[in-house]
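Okay, start31.cif is below, mmCIF, C-alpha atoms:
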```
data_data
#
loop_
_atom_site.group_PDB
_atom_site.id
_atom_site.type_symbol
_atom_site.label_atom_id
_atom_site.label_comp_id
_atom_site.auth_asym_id
_atom_site.auth_seq_id
_atom_site.Cartn_x
_atom_site.Cartn_y
_atom_site.Cartn_z
ATOM 1 C CA MET A 7 58.280 25.725 164.240
ATOM 2 C CA SER A 8 56.328 27.025 167.259
ATOM 3 C CA LYS A 9 54.222 30.163 167.071
ATOM 4 C CA GLU A 10 56.537 31.946 169.531
ATOM 5 C CA THR A 11 59.609 31.114 167.462
ATOM 6 C CA ASN A 12 57.888 32.203 164.256
ATOM 7 C CA ASP A 13 56.747 35.505 165.818
ATOM 8 C CA ALA A 14 60.250 36.160 167.097
ATOM 9 C CA ARG A 15 61.723 35.497 163.651
ATOM 10 C CA ASN A 16 59.185 37.768 161.954
ATOM 11 C CA GLY A 17 59.860 40.501 164.494
ATOM 12 C CA LYS A 18 63.570 40.180 163.832
ATOM 13 C CA LEU A 19 63.051 40.496 160.092
ATOM 14 C CA HIS A 20 60.767 43.487 160.545
ATOM 15 C CA ALA A 21 63.321 45.222 162.744
ATOM 16 C CA ALA A 22 66.097 44.548 160.237
ATOM 17 C CA ASN A 23 63.983 45.812 157.357
ATOM 18 C CA SER A 24 63.121 48.983 159.283
ATOM 19 C CA LYS A 25 66.788 49.504 160.075
ATOM 20 C CA VAL A 26 67.685 49.296 156.368
ATOM 21 C CA ILE A 27 64.950 51.740 155.432
ATOM 22 C CA ASN A 28 65.685 54.250 158.168
ATOM 23 C CA LYS A 29 69.388 54.241 157.410
ATOM 24 C CA ARG A 30 68.744 55.217 153.810
ATOM 25 C CA LYS A 31 66.030 57.746 154.467
ATOM 26 C CA LYS A 32 67.107 61.274 153.544
ATOM 27 C CA LYS A 33 65.609 64.469 154.789
ATOM 28 C CA PRO A 34 63.794 66.181 151.896
ATOM 29 C CA LEU A 35 64.762 69.678 150.823
ATOM 30 C CA SER A 36 62.724 72.563 152.165
ATOM 31 C CA PRO A 37 60.348 74.250 149.672
ATOM 32 C CA GLY A 38 62.690 77.224 149.362
ATOM 33 C CA LYS A 39 65.753 75.083 148.668
ATOM 34 C CA GLN A 40 63.778 72.896 146.290
ATOM 35 C CA LEU A 41 62.743 75.982 144.296
ATOM 36 C CA ILE A 42 66.342 77.207 144.131
ATOM 37 C CA TRP A 43 67.550 73.764 143.025
ATOM 38 C CA SER A 44 64.859 73.603 140.350
ATOM 39 C CA MET A 45 65.778 77.058 139.041
ATOM 40 C CA LEU A 46 69.462 76.114 138.921
ATOM 41 C CA GLN A 47 68.556 73.070 136.832
ATOM 42 C CA VAL A 48 66.587 75.280 134.454
ATOM 43 C CA LEU A 49 69.570 77.632 134.107
ATOM 44 C CA LEU A 50 72.075 74.825 133.576
ATOM 45 C CA GLY A 51 69.876 73.005 131.082
ATOM 46 C CA SER A 52 69.188 76.213 129.148
ATOM 47 C CA PHE A 53 72.899 76.973 128.880
ATOM 48 C CA ILE A 54 73.699 73.464 127.594
ATOM 49 C CA MET A 55 70.927 73.769 125.023
ATOM 50 C CA ALA A 56 72.107 77.192 123.837
ATOM 51 C CA ALA A 57 75.731 76.084 123.555
ATOM 52 C CA SER A 58 74.790 72.945 121.592
ATOM 53 C CA PHE A 59 72.476 74.979 119.376
ATOM 54 C CA ASN A 60 75.171 77.478 118.388
ATOM 55 C CA LEU A 61 78.051 75.004 118.209
ATOM 56 C CA PHE A 62 76.387 72.359 116.058
ATOM 57 C CA LEU A 63 72.930 73.168 114.709
ATOM 58 C CA VAL A 64 73.044 76.781 113.536
ATOM 59 C CA PRO A 65 76.299 76.576 111.512
ATOM 60 C CA ASN A 66 75.005 73.488 109.689
ATOM 61 C CA GLU A 67 71.418 74.780 109.296
ATOM 62 C CA ILE A 68 69.978 71.741 111.049
ATOM 63 C CA ALA A 69 66.485 72.767 112.098
ATOM 64 C CA SER A 70 65.903 69.805 114.394
ATOM 65 C CA GLY A 71 62.615 71.089 115.692
ATOM 66 C CA GLY A 72 61.111 73.396 118.274
ATOM 67 C CA VAL A 73 61.295 77.146 118.376
ATOM 68 C CA SER A 74 65.049 76.772 117.917
ATOM 69 C CA GLY A 75 64.449 75.091 114.570
ATOM 70 C CA ILE A 76 61.950 77.773 113.610
ATOM 71 C CA SER A 77 64.525 80.441 114.467
ATOM 72 C CA ILE A 78 67.073 78.787 112.150
ATOM 73 C CA LEU A 79 64.568 78.926 109.277
ATOM 74 C CA VAL A 80 63.794 82.563 110.037
ATOM 75 C CA GLN A 81 67.495 83.421 110.125
ATOM 76 C CA ARG A 82 68.049 81.800 106.743
ATOM 77 C CA PHE A 83 65.259 83.652 104.966
ATOM 78 C CA ALA A 84 64.896 86.891 106.982
ATOM 79 C CA ASP A 85 68.395 87.268 108.494
ATOM 80 C CA ILE A 86 67.007 87.735 112.011
ATOM 81 C CA SER A 87 69.079 86.505 114.952
ATOM 82 C CA PRO A 88 67.649 83.246 116.387
ATOM 83 C CA ALA A 89 67.550 84.723 119.893
ATOM 84 C CA TYR A 90 65.058 87.424 118.874
ATOM 85 C CA THR A 91 62.825 84.943 117.066
ATOM 86 C CA GLN A 92 62.799 82.704 120.120
ATOM 87 C CA TRP A 93 61.805 85.576 122.397
ATOM 88 C CA ALA A 94 59.029 86.590 119.989
ATOM 89 C CA VAL A 95 57.546 83.092 119.900
ATOM 90 C CA ASN A 96 58.053 82.276 123.573
ATOM 91 C CA ILE A 97 56.126 85.250 124.963
ATOM 92 C CA PRO A 98 52.627 84.284 123.718
ATOM 93 C CA LEU A 99 53.268 80.604 124.421
ATOM 94 C CA PHE A 100 54.254 81.530 127.967
ATOM 95 C CA PHE A 101 50.800 82.969 128.595
ATOM 96 C CA VAL A 102 49.210 79.818 127.196
ATOM 97 C CA GLY A 103 51.287 77.756 129.608
ATOM 98 C CA LEU A 104 50.374 80.081 132.452
ATOM 99 C CA TRP A 105 46.712 79.513 131.694
ATOM 100 C CA LEU A 106 46.924 75.715 131.348
ATOM 101 C CA LEU A 107 49.647 74.783 133.848
ATOM 102 C CA GLY A 108 49.007 77.325 136.591
ATOM 103 C CA LYS A 109 50.912 80.035 138.442
ATOM 104 C CA ARG A 110 53.267 77.697 140.302
ATOM 105 C CA TYR A 111 54.652 76.549 136.979
ATOM 106 C CA ALA A 112 54.846 80.073 135.590
ATOM 107 C CA LEU A 113 58.048 81.202 137.344
ATOM 108 C CA LYS A 114 60.197 78.381 135.991
ATOM 109 C CA VAL A 115 58.616 78.667 132.539
ATOM 110 C CA ALA A 116 59.270 82.395 132.516
ATOM 111 C CA LEU A 117 62.859 81.806 133.578
ATOM 112 C CA GLY A 118 63.547 79.292 130.832
ATOM 113 C CA SER A 119 61.731 81.350 128.199
ATOM 114 C CA VAL A 120 63.944 84.344 128.931
ATOM 115 C CA VAL A 121 67.336 82.814 129.661
ATOM 116 C CA LEU A 122 67.479 80.328 126.774
ATOM 117 C CA PRO A 123 67.353 83.046 124.068
ATOM 118 C CA LEU A 124 69.713 85.105 126.233
ATOM 119 C CA PHE A 125 72.229 82.250 126.350
ATOM 120 C CA VAL A 126 71.738 81.760 122.596
ATOM 121 C CA LEU A 127 72.602 85.416 122.081
ATOM 122 C CA LEU A 128 75.646 85.249 124.384
ATOM 123 C CA THR A 129 77.063 82.107 122.726
ATOM 124 C CA SER A 130 76.255 83.088 119.135
ATOM 125 C CA HIS A 131 79.911 83.973 118.426
ATOM 126 C CA TRP A 132 81.238 80.522 119.377
ATOM 127 C CA ASP A 133 82.929 78.654 116.530
ATOM 128 C CA THR A 134 81.631 75.259 115.501
ATOM 129 C CA PRO A 135 83.957 72.287 116.024
ATOM 130 C CA THR A 136 82.614 70.481 112.918
ATOM 131 C CA HIS A 137 81.013 71.203 109.571
ATOM 132 C CA ASN A 138 80.066 67.574 109.098
ATOM 133 C CA PRO A 139 76.241 67.669 109.215
ATOM 134 C CA LEU A 140 75.922 64.128 110.521
ATOM 135 C CA LEU A 141 78.263 64.745 113.441
ATOM 136 C CA ALA A 142 76.534 68.065 114.070
ATOM 137 C CA ALA A 143 73.125 66.369 114.136
ATOM 138 C CA ILE A 144 74.322 63.699 116.578
ATOM 139 C CA TYR A 145 76.202 65.931 119.003
ATOM 140 C CA GLY A 146 73.705 68.749 118.694
ATOM 141 C CA GLY A 147 70.904 66.290 119.434
ATOM 142 C CA ILE A 148 72.726 64.954 122.478
ATOM 143 C CA GLY A 149 73.388 68.443 123.804
ATOM 144 C CA VAL A 150 69.847 69.705 123.259
ATOM 145 C CA GLY A 151 68.352 66.534 124.718
ATOM 146 C CA LEU A 152 70.656 66.694 127.726
ATOM 147 C CA GLY A 153 69.801 70.316 128.393
ATOM 148 C CA LEU A 154 66.081 69.879 127.880
ATOM 149 C CA GLY A 155 66.037 66.779 130.063
ATOM 150 C CA ILE A 156 67.728 68.696 132.886
ATOM 151 C CA VAL A 157 65.202 71.505 132.518
ATOM 152 C CA PHE A 158 62.328 69.029 132.676
ATOM 153 C CA ARG A 159 63.810 67.364 135.765
ATOM 154 C CA GLY A 160 63.768 70.800 137.377
ATOM 155 C CA GLY A 161 60.043 70.960 136.673
ATOM 156 C CA GLY A 162 60.464 73.825 134.216
ATOM 157 C CA SER A 163 60.457 74.496 130.530
ATOM 158 C CA THR A 164 62.407 76.593 128.073
ATOM 159 C CA GLY A 165 59.143 77.797 126.620
ATOM 160 C CA GLY A 166 58.212 77.472 122.987
ATOM 161 C CA LEU A 167 57.365 74.040 121.664
ATOM 162 C CA GLY A 168 59.086 72.514 124.704
ATOM 163 C CA LEU A 169 56.294 74.087 126.730
ATOM 164 C CA ALA A 170 53.755 72.684 124.289
ATOM 165 C CA ALA A 171 55.367 69.257 124.785
ATOM 166 C CA GLN A 172 54.994 69.618 128.559
ATOM 167 C CA ILE A 173 51.299 70.392 128.121
ATOM 168 C CA LEU A 174 50.814 67.409 125.808
ATOM 169 C CA HIS A 175 52.692 65.154 128.236
ATOM 170 C CA ARG A 176 50.562 66.257 131.186
ATOM 171 C CA TYR A 177 47.185 65.917 129.499
ATOM 172 C CA THR A 178 47.763 62.794 127.365
ATOM 173 C CA GLY A 179 50.278 60.733 129.355
ATOM 174 C CA LEU A 180 52.663 60.481 126.396
ATOM 175 C CA SER A 181 56.355 60.429 127.277
ATOM 176 C CA LEU A 182 58.167 63.737 127.121
ATOM 177 C CA GLY A 183 60.462 62.397 124.423
ATOM 178 C CA LEU A 184 57.516 61.451 122.187
ATOM 179 C CA SER A 185 55.742 64.728 122.910
ATOM 180 C CA VAL A 186 58.789 66.694 121.815
ATOM 181 C CA ALA A 187 59.109 64.509 118.712
ATOM 182 C CA ILE A 188 55.555 65.263 117.582
ATOM 183 C CA PHE A 189 56.013 69.023 117.613
ATOM 184 C CA ASP A 190 59.541 68.920 116.270
ATOM 185 C CA GLY A 191 58.454 66.728 113.373
ATOM 186 C CA CYS A 192 56.353 69.559 111.996
ATOM 187 C CA VAL A 193 59.367 71.887 112.023
ATOM 188 C CA ILE A 194 61.528 69.280 110.296
ATOM 189 C CA ILE A 195 58.983 68.864 107.523
ATOM 190 C CA ALA A 196 59.081 72.622 106.995
ATOM 191 C CA ALA A 197 62.895 72.503 106.867
ATOM 192 C CA GLY A 198 62.744 69.782 104.222
ATOM 193 C CA LEU A 199 60.396 71.861 102.083
ATOM 194 C CA LEU A 200 62.118 75.232 102.532
ATOM 195 C CA ILE A 201 65.807 74.238 102.609
ATOM 196 C CA SER A 202 66.391 70.711 101.285
ATOM 197 C CA PRO A 203 65.303 67.123 101.954
ATOM 198 C CA GLU A 204 68.892 66.279 102.968
ATOM 199 C CA VAL A 205 68.816 68.865 105.744
ATOM 200 C CA ALA A 206 65.541 67.400 106.959
ATOM 201 C CA LEU A 207 67.103 63.924 107.092
ATOM 202 C CA TYR A 208 69.964 65.196 109.237
ATOM 203 C CA ALA A 209 67.412 66.986 111.407
ATOM 204 C CA LEU A 210 65.580 63.690 111.886
ATOM 205 C CA VAL A 211 68.800 62.157 113.180
ATOM 206 C CA GLY A 212 69.152 65.043 115.629
ATOM 207 C CA LEU A 213 65.510 64.715 116.667
ATOM 208 C CA PHE A 214 65.878 60.993 117.348
ATOM 209 C CA VAL A 215 68.994 61.531 119.439
ATOM 210 C CA THR A 216 67.328 64.390 121.331
ATOM 211 C CA SER A 217 64.241 62.297 122.106
ATOM 212 C CA LYS A 218 66.261 59.345 123.390
ATOM 213 C CA THR A 219 68.537 61.577 125.453
ATOM 214 C CA ILE A 220 65.539 63.244 127.111
ATOM 215 C CA ASP A 221 64.075 59.870 128.077
ATOM 216 C CA ILE A 222 67.428 58.737 129.506
ATOM 217 C CA ILE A 223 67.744 61.913 131.575
ATOM 218 C CA GLN A 224 64.143 61.556 132.768
ATOM 219 C CA SER A 225 64.154 57.839 133.607
ATOM 220 C CA GLY A 226 67.840 57.006 133.742
ATOM 221 C CA LEU A 227 69.705 54.050 132.330
ATOM 222 C CA PRO A 228 68.642 50.565 133.472
ATOM 223 C CA VAL A 229 71.206 50.498 136.283
ATOM 224 C CA SER A 230 68.902 48.773 138.754
ATOM 225 C CA LYS A 231 67.667 45.196 138.740
ATOM 226 C CA VAL A 232 64.571 43.601 140.205
ATOM 227 C CA ALA A 233 64.848 39.980 141.316
ATOM 228 C CA PHE A 234 62.031 37.527 142.017
ATOM 229 C CA ILE A 235 63.195 34.536 144.052
ATOM 230 C CA ILE A 236 61.233 31.344 144.672
ATOM 231 C CA SER A 237 62.963 29.320 147.354
ATOM 232 C CA SER A 238 62.244 26.491 149.757
ATOM 233 C CA GLU A 239 64.108 28.529 152.401
ATOM 234 C CA PRO A 240 62.336 31.921 152.277
ATOM 235 C CA GLU A 241 62.896 32.724 155.971
ATOM 236 C CA LYS A 242 66.624 32.057 155.945
ATOM 237 C CA LEU A 243 67.055 33.754 152.569
ATOM 238 C CA SER A 244 65.165 36.834 153.789
ATOM 239 C CA GLU A 245 67.524 37.175 156.734
ATOM 240 C CA THR A 246 70.552 36.784 154.467
ATOM 241 C CA ILE A 247 69.373 39.491 152.067
ATOM 242 C CA LEU A 248 68.459 41.903 154.870
ATOM 243 C CA TYR A 249 71.674 41.486 156.852
ATOM 244 C CA ASP A 250 74.354 40.513 154.312
ATOM 245 C CA LEU A 251 73.141 42.423 151.263
ATOM 246 C CA ASP A 252 71.657 45.268 153.312
ATOM 247 C CA ARG A 253 68.588 45.503 151.079
ATOM 248 C CA GLY A 254 64.913 45.493 151.947
ATOM 249 C CA LEU A 255 62.588 43.015 150.314
ATOM 250 C CA THR A 256 58.926 42.227 149.795
ATOM 251 C CA ARG A 257 57.224 38.846 150.288
ATOM 252 C CA LEU A 258 54.604 37.912 147.732
ATOM 253 C CA ASP A 259 52.149 35.027 147.972
ATOM 254 C CA GLY A 260 52.322 32.736 144.959
ATOM 255 C CA HIS A 261 51.002 29.344 143.896
ATOM 256 C CA GLY A 262 52.554 26.710 141.648
ATOM 257 C CA GLY A 263 50.862 26.607 138.270
ATOM 258 C CA TYR A 264 50.882 22.796 138.134
ATOM 259 C CA SER A 265 50.800 21.725 141.773
ATOM 260 C CA GLY A 266 48.707 24.577 143.123
ATOM 261 C CA GLU A 267 50.868 24.607 146.245
ATOM 262 C CA GLY A 268 51.411 27.899 148.047
ATOM 263 C CA ARG A 269 54.866 29.444 147.699
ATOM 264 C CA THR A 270 56.594 32.538 148.981
ATOM 265 C CA VAL A 271 58.118 34.782 146.315
ATOM 266 C CA LEU A 272 60.768 37.251 147.461
ATOM 267 C CA MET A 273 61.060 40.465 145.483
ATOM 268 C CA VAL A 274 64.189 42.573 145.944
ATOM 269 C CA VAL A 275 65.533 45.552 143.978
ATOM 270 C CA VAL A 276 69.294 45.932 143.808
ATOM 271 C CA GLY A 277 71.850 48.077 142.032
ATOM 272 C CA GLN A 278 73.813 46.779 139.071
ATOM 273 C CA MET A 279 76.904 46.199 141.201
ATOM 274 C CA GLU A 280 74.942 44.136 143.739
ATOM 275 C CA VAL A 281 73.630 41.499 141.327
ATOM 276 C CA ALA A 282 76.631 39.184 141.606
ATOM 277 C CA LYS A 283 76.527 39.291 145.408
ATOM 278 C CA LEU A 284 72.782 38.610 145.414
ATOM 279 C CA LYS A 285 73.217 35.499 143.254
ATOM 280 C CA GLN A 286 76.075 34.321 145.437
ATOM 281 C CA LEU A 287 73.989 34.694 148.587
ATOM 282 C CA VAL A 288 71.035 32.875 147.039
ATOM 283 C CA ARG A 289 73.257 29.985 145.965
ATOM 284 C CA SER A 290 74.791 29.738 149.438
ATOM 285 C CA VAL A 291 71.366 29.464 151.096
ATOM 286 C CA ASP A 292 69.388 27.500 148.508
ATOM 287 C CA PRO A 293 71.206 26.217 145.397
ATOM 288 C CA THR A 294 67.868 25.023 143.957
ATOM 289 C CA ALA A 295 66.156 28.429 144.202
ATOM 290 C CA PHE A 296 64.425 29.744 141.081
ATOM 291 C CA VAL A 297 65.576 33.322 140.368
ATOM 292 C CA ILE A 298 64.354 35.839 137.794
ATOM 293 C CA ILE A 299 66.443 39.026 137.384
ATOM 294 C CA SER A 300 65.398 41.775 134.989
ATOM 295 C CA ASN A 301 66.217 45.394 134.221
ATOM 296 C CA THR A 302 64.211 48.258 135.661
ATOM 297 C CA SER A 303 64.689 51.727 134.230
ATOM 298 C CA GLU A 304 63.508 53.689 137.256
ATOM 299 C CA VAL A 305 63.234 52.991 140.972
ATOM 300 C CA VAL A 306 61.963 55.577 143.454
ATOM 301 C CA GLY A 307 61.238 55.294 147.147
ATOM 302 C CA GLU A 308 62.952 53.970 150.238
ATOM 303 C CA GLY A 309 66.556 52.988 149.646
ATOM 304 C CA PHE A 310 66.626 54.582 146.203
ATOM 305 C CA LYS A 311 66.683 58.142 144.930
ATOM 306 C CA LEU A 312 63.279 59.762 145.147
ATOM 307 C CA GLU A 313 62.766 62.699 142.729
#
```

Whole structure given in C-alpha cells:
Amino acid sequence: MSKETNDARNGKLHAANSKVINKRKKKPLSPGKQLIWSMLQVLLGSFIMAASFNLFLVPNEIASGGVSGISILVQRFADISPAYTQWAVNIPLFFVGLWLLGKRYALKVALGSVVLPLFVLLTSHWDTPTHNPLLAAIYGGIGVGLGLGIVFRGGGSTGGLGLAAQILHRYTGLSLGLSVAIFDGCVIIAAGLLISPEVALYALVGLFVTSKTIDIIQSGLPVSKVAFIISSEPEKLSETILYDLDRGLTRLDGHGGYSGEGRTVLMVVVGQMEVAKLKQLVRSVDPTAFVIISNTSEVVGEGFKLE
C-alpha cells in the first residue's frame, strides 16, 4: 500500500471517528442548573431513605446502622422520635463536614441533614407492609441504599454517619459502600448488645443489601462491554466498526508472545445490546480474529454518560 493511500485511509478513519464523537457529545449543564439538579437528587434520595426507614426498619426495630440506627435504639429506650435524634446528631457532624470538606460541600450537606429527619417525621405515620424481619431487612436495605446512592450521586450527604462515610471515602479511597459498612457495623454491634443478637443479624442483612445497592447506584450494573480484537485485517475492521457499528475505537500496539511479531489490537467499548452485532461484524471481516469481551462496570467519556 502506497504512503498516499495509507494517509488517505487514516484520514478517513480519523474523520469517521471524530464524527462519531461529535455526534454523541452533549452540552454540559451550567453551574446553576447543575446545582439545582444536585439538590433535587439530595431531596429525592432523602425522601426514599425516610420512607424505607419508616416502612420497614422502625416497625421491626432493625437498627441497620448510621444515625438512623442510633435513632431506633434511642426510641426504644428513651421513647424519643427518631427525627429529633437525627437532628441532634447531624448538627455537630455537619460542622465537622464543613471543616473537612469545605464550603462548597456545605450547602448540600446542610440540605440533606435537615430534610432527611423532616421526611422521617412526615412519614412516621405510614403503616408497614410487613412484620417479617427478614423481608423488612431486605427491602429496607434496598430502599436506604437506593436513596443514599442517589444522594451521593448528587454530591451531597444526609449528614450523620453518611457524612462520616463520605469523609472516609475521600481521604482513604475506600468505596462508599465499604465506608458506610464500617460505621454502620458499630451501630449493629450496639443493637445486638442492647436489643438481641437476632435483631443484629437481621440488621447485618440490611447493611449488606444497603452497601451493595449503593455501589450499584454509584457505578451501575455491568451493562457495557470492552472488546479487544486481534485481527489480520485491522484497517478494514476499523472502518467496519466506525461506520457500521457507529462506535469509536482505540488502536493499541501489541507483540506476539511467541513470535515477537508486531500486531495491532483494537479496543472498543460497546453497550450490552451491541455485543452480538460487534461479533457478527468481526466474523464478516475476519473469521480468524481473536476477540476478548469482558464486563466493565463503569464507562465515562465520549460516547458514554459522563457524570

Residues matched by the PyMOL selection byres ((chain A and resi 288) around 12) as a VMD selection string: chain A and resid 233 to 240 242 to 247 250 to 251 272 274 281 to 287 289 to 298

Chain and number of each residue from the PyMOL selection byres ((chain A and resi 135) around 12), as a VMD selection string: chain A and resid 57 to 58 60 to 63 65 to 66 132 to 134 136 to 139 141 to 142 145 to 146

Residue neighbourhood Leu213 (chain A), 7 Å, only C-alpha atoms, exclusion window fewer than 4 positions, as a ChimeraX atom specification: /A:70,147,187,209,217

Point-to-point distance in Å for CA of Asp85 (chain A) and CA of Val157 (chain A):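 Answer for the CA of Val157 (chain A) to CA of Asp85 (chain A) separation: 28.9 Å.
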
Residues picked by the PyMOL selection byres ((chain A and resi 118) around 9) here, as an mmCIF file with C-alpha atoms, keeping the file's coordinate frame?
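As written to disk, result-v9.cif reads:
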```cif
data_model
loop_
_atom_site.group_PDB
_atom_site.id
_atom_site.type_symbol
_atom_site.label_atom_id
_atom_site.label_comp_id
_atom_site.auth_asym_id
_atom_site.auth_seq_id
_atom_site.Cartn_x
_atom_site.Cartn_y
_atom_site.Cartn_z
ATOM 1 C CA MET A 45 65.778 77.058 139.041
ATOM 2 C CA VAL A 48 66.587 75.280 134.454
ATOM 3 C CA LEU A 49 69.570 77.632 134.107
ATOM 4 C CA GLY A 51 69.876 73.005 131.082
ATOM 5 C CA SER A 52 69.188 76.213 129.148
ATOM 6 C CA LEU A 113 58.048 81.202 137.344
ATOM 7 C CA LYS A 114 60.197 78.381 135.991
ATOM 8 C CA VAL A 115 58.616 78.667 132.539
ATOM 9 C CA ALA A 116 59.270 82.395 132.516
ATOM 10 C CA LEU A 117 62.859 81.806 133.578
ATOM 11 C CA SER A 119 61.731 81.350 128.199
ATOM 12 C CA VAL A 120 63.944 84.344 128.931
ATOM 13 C CA VAL A 121 67.336 82.814 129.661
ATOM 14 C CA LEU A 122 67.479 80.328 126.774
ATOM 15 C CA PRO A 123 67.353 83.046 124.068
ATOM 16 C CA VAL A 157 65.202 71.505 132.518
ATOM 17 C CA GLY A 162 60.464 73.825 134.216
ATOM 18 C CA SER A 163 60.457 74.496 130.530
ATOM 19 C CA THR A 164 62.407 76.593 128.073
ATOM 20 C CA GLY A 165 59.143 77.797 126.620
#
```

Between CA of Cys192 (chain A) and CA of Ile54 (chain A) - distance in Å to one decimal: 23.7 Å

Using all atoms listed in the file: which of A:Thr129, A:Ser230, A:Asn301, A:Thr256 has the shortest distance to Val276 (chain A): A:Ser230
